[in-house]
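Everything on this sheet refers to the single structure shown next.
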Amino acid sequence: MTLLREIDCYVSDCVIHSPFAPYIGLFAAASVLMFIAYFALQRPEHRLYTFAGAQVSMTAAIAISFIAMTCNRMVTIELYLAYAGISSIIMFTVPRFYDRILIGRLSARQLSGLIEWPSVFVKKLTNATVYYFDSAVPRAFSSGRSIFVSLGLLEMLTCDELRAVLAHEAWHIRHNSKTPLLRQLAIMTLTSHQTSALESLADEFAAQVVSREALASARAKLEL
Amino acid sequence: MVKLDQIKISNDGLTKFFSPIEADIMDALWESGDMLTVEITEKTNIPLTSVAGTLDRLVKAGFATRHVENVNGRVRYVYSAAFTHDETANEITTRVLDSLVDAFGEVAVENFARYTGKNK
């Protein structure tokens, strides 16, 4: 209740007389409209942009009301701003160094210490480091600027198949570095239906760089 | 894996304490010593996808050990049993007996005595 009273106080005392008040209304309305559009639209990229737009408008509305306030009883809004600020920083920076966390968690080591050619091969495609980790379960994935492969995968694949897997992951890294924010938003907005599209693009790239046969046999081995 | 709360008394042999795949792998390792992953899948006749996770678990639980070998630019795991069959049997027996004595005290000990009597 005190919270509601406090908000009421902001609106009736602090904000309404400010010259900024119409802009707050405008941005808030835009944000609500875009949220409605976000729920109504079907296509992933449309949902992505409306969600991002709604977020930006809402943040703008909050920022303007913060400026417009003439009283100093605004703990709730300060708290909300701090929350929004900190969570945005975390959401946009964690993916950048998440590979560091993975290296620690998996006790991963650079593959070049074990075998040379995969790192050389990947360097030609993109600026990334290949790491291996101790597990018999064949797995490969990428994060940040790192590609991770399990020893089980190295053990199981032929050189060409491994090349195809590495090319596939290298494509993901290229793609991530081009559109990190969009990708991040896609995850936040649960619009990642496009992952399958991304996977087939990565496969297409791997088929071009290595060969369709190597890719197919690597897939067959991994999906047994 | 050997957890006292997961002992299946009605199962046969080692599968009282291990899952069937774990038991097959441990038997193979006790019989053959050092083994490559391929040799394990061939000997146990279990596909790699089923064996891989189990091997990770056995290594993590300390029943098997493995090291990496680099043969002509190809990486291979070499597995071996961490303890002999008898050592493992000893370990499991001790743990089970401890838990029985812990739960039933004197009664359990009396029953062991009956057992040793039978064997003689």
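Ligands are numbered from 1 in the order shown, chains are lettered A, B, ... in the order of the structure tokens, and residues start at 1 in each chain.
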
Enumerate as a PyMOL selection string all residues of segment 81-215 of chain A assigned to helix (DSSP H, G or I) by DSSP on the backbone, naming them with the chain letters and numbers the document uses. chain A and resi 81-106+111-113+117-125+151-156+159-178+180-188+192-209+212-215

Excluding Pro22 of chain A and residues on its chain fewer than 4 positions from it, collect all residues at most 12 Å away from it, counting only C-alpha atoms, and give them as a list in words. Val15, Ile16, His17, Ser18, Leu26, Phe27, Ala28, Ala29, Ala61, Ile64, Ser65 and Ala68 of chain A

For each of B:Phe112, B:Ala64, B:Phe83, B:Glu69, take the minimum atom-to-atom distance to Leu97 of chain B, counting only C-alpha atoms, then give the residue where this is smallest. B:Phe112

Show me, as a PyMOL selection string, every residue of chain B with an atom at most 12 Å from chain A, counting only C-alpha atoms. chain B and resi 36-38+47-60+66-79

Just give me the gap between atom CA of Gly104 of chain A and atom CA of Arg174 of chain A in Å, one decimal is fine.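 It comes out at 23.2 Å.
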
Which residues are close to Ile7 of chain B, i.e. within 12 Å by only C-alpha atoms, leaving aside same-chain residues fewer than 4 positions away? Reply as a list in words.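 Close residues of Ile7 of chain B: Met1, Val2, Lys3, Asn11, Asp12, Gly13, Leu14, Thr15, Lys16, Phe17, Phe18, Ser19, Ile92, Thr93, Arg95, Val96 and Ser99 of chain B.
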
Same residues, all heavy atoms, saved as a short mmCIF file (atom, residue, chain, number, x, y, z; two decimals), in the first residue's frame:
```cif
data_model
loop_
_atom_site.label_atom_id
_atom_site.label_comp_id
_atom_site.auth_asym_id
_atom_site.auth_seq_id
_atom_site.Cartn_x
_atom_site.Cartn_y
_atom_site.Cartn_z
N MET B 1 25.42 -47.14 -9.79
CA MET B 1 26.70 -46.95 -9.09
C MET B 1 26.54 -47.34 -7.63
O MET B 1 25.45 -47.27 -7.10
CB MET B 1 27.09 -45.48 -9.19
CG MET B 1 28.55 -45.24 -9.12
SD MET B 1 29.46 -46.06 -10.43
CE MET B 1 28.74 -45.31 -11.86
N VAL B 2 27.61 -47.73 -7.02
CA VAL B 2 27.51 -48.24 -5.66
C VAL B 2 27.06 -47.14 -4.70
O VAL B 2 27.85 -46.32 -4.23
CB VAL B 2 28.85 -48.83 -5.18
CG1 VAL B 2 28.70 -49.36 -3.77
CG2 VAL B 2 29.29 -49.92 -6.10
N LYS B 3 25.76 -47.12 -4.48
CA LYS B 3 25.21 -46.24 -3.45
C LYS B 3 24.38 -47.15 -2.58
O LYS B 3 23.56 -47.92 -3.09
CB LYS B 3 24.32 -45.17 -4.07
CG LYS B 3 25.10 -44.02 -4.67
CD LYS B 3 24.14 -42.92 -5.10
CE LYS B 3 24.85 -41.89 -5.94
NZ LYS B 3 23.97 -41.32 -6.94
N ASN B 11 18.54 -58.44 -7.86
CA ASN B 11 19.29 -58.56 -9.13
C ASN B 11 20.40 -59.61 -9.02
O ASN B 11 20.79 -60.01 -7.91
CB ASN B 11 19.92 -57.22 -9.49
CG ASN B 11 18.92 -56.29 -10.13
OD1 ASN B 11 17.72 -56.53 -10.05
ND2 ASN B 11 19.40 -55.23 -10.74
N ASP B 12 20.90 -60.02 -10.21
CA ASP B 12 21.96 -61.03 -10.22
C ASP B 12 23.33 -60.39 -10.18
O ASP B 12 23.57 -59.35 -10.77
CB ASP B 12 21.85 -61.88 -11.49
CG ASP B 12 20.68 -62.84 -11.39
OD1 ASP B 12 20.35 -63.22 -10.26
OD2 ASP B 12 20.11 -63.17 -12.45
N GLY B 13 24.25 -61.07 -9.49
CA GLY B 13 25.66 -60.72 -9.53
C GLY B 13 25.92 -59.25 -9.28
O GLY B 13 25.34 -58.63 -8.39
N LEU B 14 26.81 -58.69 -10.13
CA LEU B 14 27.25 -57.31 -9.92
C LEU B 14 26.13 -56.29 -10.10
O LEU B 14 26.22 -55.17 -9.62
CB LEU B 14 28.36 -56.98 -10.93
CG LEU B 14 29.80 -57.23 -10.49
CD1 LEU B 14 30.73 -56.78 -11.59
CD2 LEU B 14 30.10 -56.49 -9.19
N THR B 15 25.06 -56.68 -10.85
CA THR B 15 24.00 -55.70 -11.11
C THR B 15 23.20 -55.38 -9.84
O THR B 15 22.32 -54.54 -9.87
CB THR B 15 23.05 -56.18 -12.22
OG1 THR B 15 22.53 -57.44 -11.84
CG2 THR B 15 23.75 -56.26 -13.54
N LYS B 16 23.53 -56.06 -8.74
CA LYS B 16 22.98 -55.62 -7.46
C LYS B 16 23.49 -54.22 -7.14
O LYS B 16 22.81 -53.43 -6.50
CB LYS B 16 23.43 -56.56 -6.33
CG LYS B 16 22.77 -57.91 -6.28
CD LYS B 16 23.21 -58.60 -5.00
CE LYS B 16 23.20 -60.11 -5.11
NZ LYS B 16 21.88 -60.67 -5.39
N PHE B 17 24.72 -53.94 -7.54
CA PHE B 17 25.39 -52.69 -7.15
C PHE B 17 25.61 -51.75 -8.33
O PHE B 17 25.71 -50.55 -8.16
CB PHE B 17 26.74 -53.00 -6.51
CG PHE B 17 26.66 -54.09 -5.49
CD1 PHE B 17 27.12 -55.35 -5.78
CD2 PHE B 17 26.08 -53.84 -4.26
CE1 PHE B 17 27.02 -56.36 -4.83
CE2 PHE B 17 25.99 -54.84 -3.31
CZ PHE B 17 26.46 -56.10 -3.60
N PHE B 18 25.76 -52.30 -9.53
CA PHE B 18 26.00 -51.50 -10.72
C PHE B 18 24.80 -51.63 -11.66
O PHE B 18 24.05 -52.61 -11.55
CB PHE B 18 27.24 -52.00 -11.48
CG PHE B 18 28.53 -51.80 -10.76
CD1 PHE B 18 29.08 -52.82 -10.01
CD2 PHE B 18 29.22 -50.60 -10.85
CE1 PHE B 18 30.29 -52.64 -9.34
CE2 PHE B 18 30.42 -50.42 -10.20
CZ PHE B 18 30.96 -51.44 -9.44
N SER B 19 24.65 -50.68 -12.58
CA SER B 19 23.66 -50.86 -13.64
C SER B 19 24.19 -51.95 -14.57
O SER B 19 25.40 -52.23 -14.56
CB SER B 19 23.47 -49.56 -14.41
OG SER B 19 24.53 -49.39 -15.32
N ILE B 92 32.83 -53.00 -1.36
CA ILE B 92 31.37 -53.04 -1.33
C ILE B 92 30.90 -53.80 -0.10
O ILE B 92 30.02 -53.36 0.63
CB ILE B 92 30.81 -53.69 -2.62
CG1 ILE B 92 31.13 -52.82 -3.83
CG2 ILE B 92 29.32 -53.92 -2.50
CD1 ILE B 92 30.75 -53.43 -5.16
N THR B 93 31.55 -54.98 0.14
CA THR B 93 31.14 -55.80 1.28
C THR B 93 31.26 -55.00 2.58
O THR B 93 30.34 -54.99 3.41
CB THR B 93 32.04 -57.05 1.38
OG1 THR B 93 32.19 -57.60 0.09
CG2 THR B 93 31.42 -58.08 2.29
N ARG B 95 31.20 -51.84 3.07
CA ARG B 95 30.19 -50.79 3.19
C ARG B 95 28.82 -51.35 3.55
O ARG B 95 28.11 -50.81 4.38
CB ARG B 95 30.09 -50.02 1.87
CG ARG B 95 31.20 -48.99 1.73
CD ARG B 95 30.72 -47.86 0.86
NE ARG B 95 31.50 -47.80 -0.37
CZ ARG B 95 31.16 -47.05 -1.40
NH1 ARG B 95 30.06 -46.35 -1.38
NH2 ARG B 95 31.93 -47.02 -2.48
N VAL B 96 28.46 -52.48 2.88
CA VAL B 96 27.15 -53.06 3.15
C VAL B 96 27.08 -53.59 4.58
O VAL B 96 26.12 -53.35 5.31
CB VAL B 96 26.84 -54.18 2.14
CG1 VAL B 96 25.53 -54.87 2.50
CG2 VAL B 96 26.75 -53.61 0.73
N SER B 99 26.69 -50.89 7.09
CA SER B 99 25.34 -50.32 7.17
C SER B 99 24.39 -51.28 7.89
O SER B 99 23.50 -50.84 8.62
CB SER B 99 24.82 -49.97 5.78
OG SER B 99 24.31 -51.10 5.15
#
```

List the neighbours of Val120 of chain A out to 10 Å using only C-alpha atoms; skip same-chain residues closer than 5 positions along the sequence, and give me the result as a list in words.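 Here the answer would be Ser112, Leu125, Thr129 and Val130 of chain A.
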
Convert the current residue selection to file output with N, CA, C and O atoms, as a compact mmCIF listing (two decimals), in the first residue's frame.
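The resulting file, selection.txt, is reproduced below:
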```
# COMPACT_ATOMS: atom_id res chain seq x y z
N SER A 112 45.41 -27.19 -29.07
CA SER A 112 46.71 -27.13 -29.75
C SER A 112 47.79 -27.83 -28.92
O SER A 112 48.80 -28.25 -29.46
N LEU A 125 39.24 -19.92 -40.56
CA LEU A 125 37.83 -19.59 -40.75
C LEU A 125 37.39 -18.40 -39.93
O LEU A 125 36.62 -17.56 -40.37
N THR A 129 39.48 -19.91 -30.52
CA THR A 129 40.39 -20.89 -29.94
C THR A 129 39.61 -22.19 -29.71
O THR A 129 38.46 -22.14 -29.29
N VAL A 130 40.27 -23.32 -29.99
CA VAL A 130 39.62 -24.61 -29.78
C VAL A 130 40.08 -25.20 -28.45
O VAL A 130 41.28 -25.26 -28.18
```
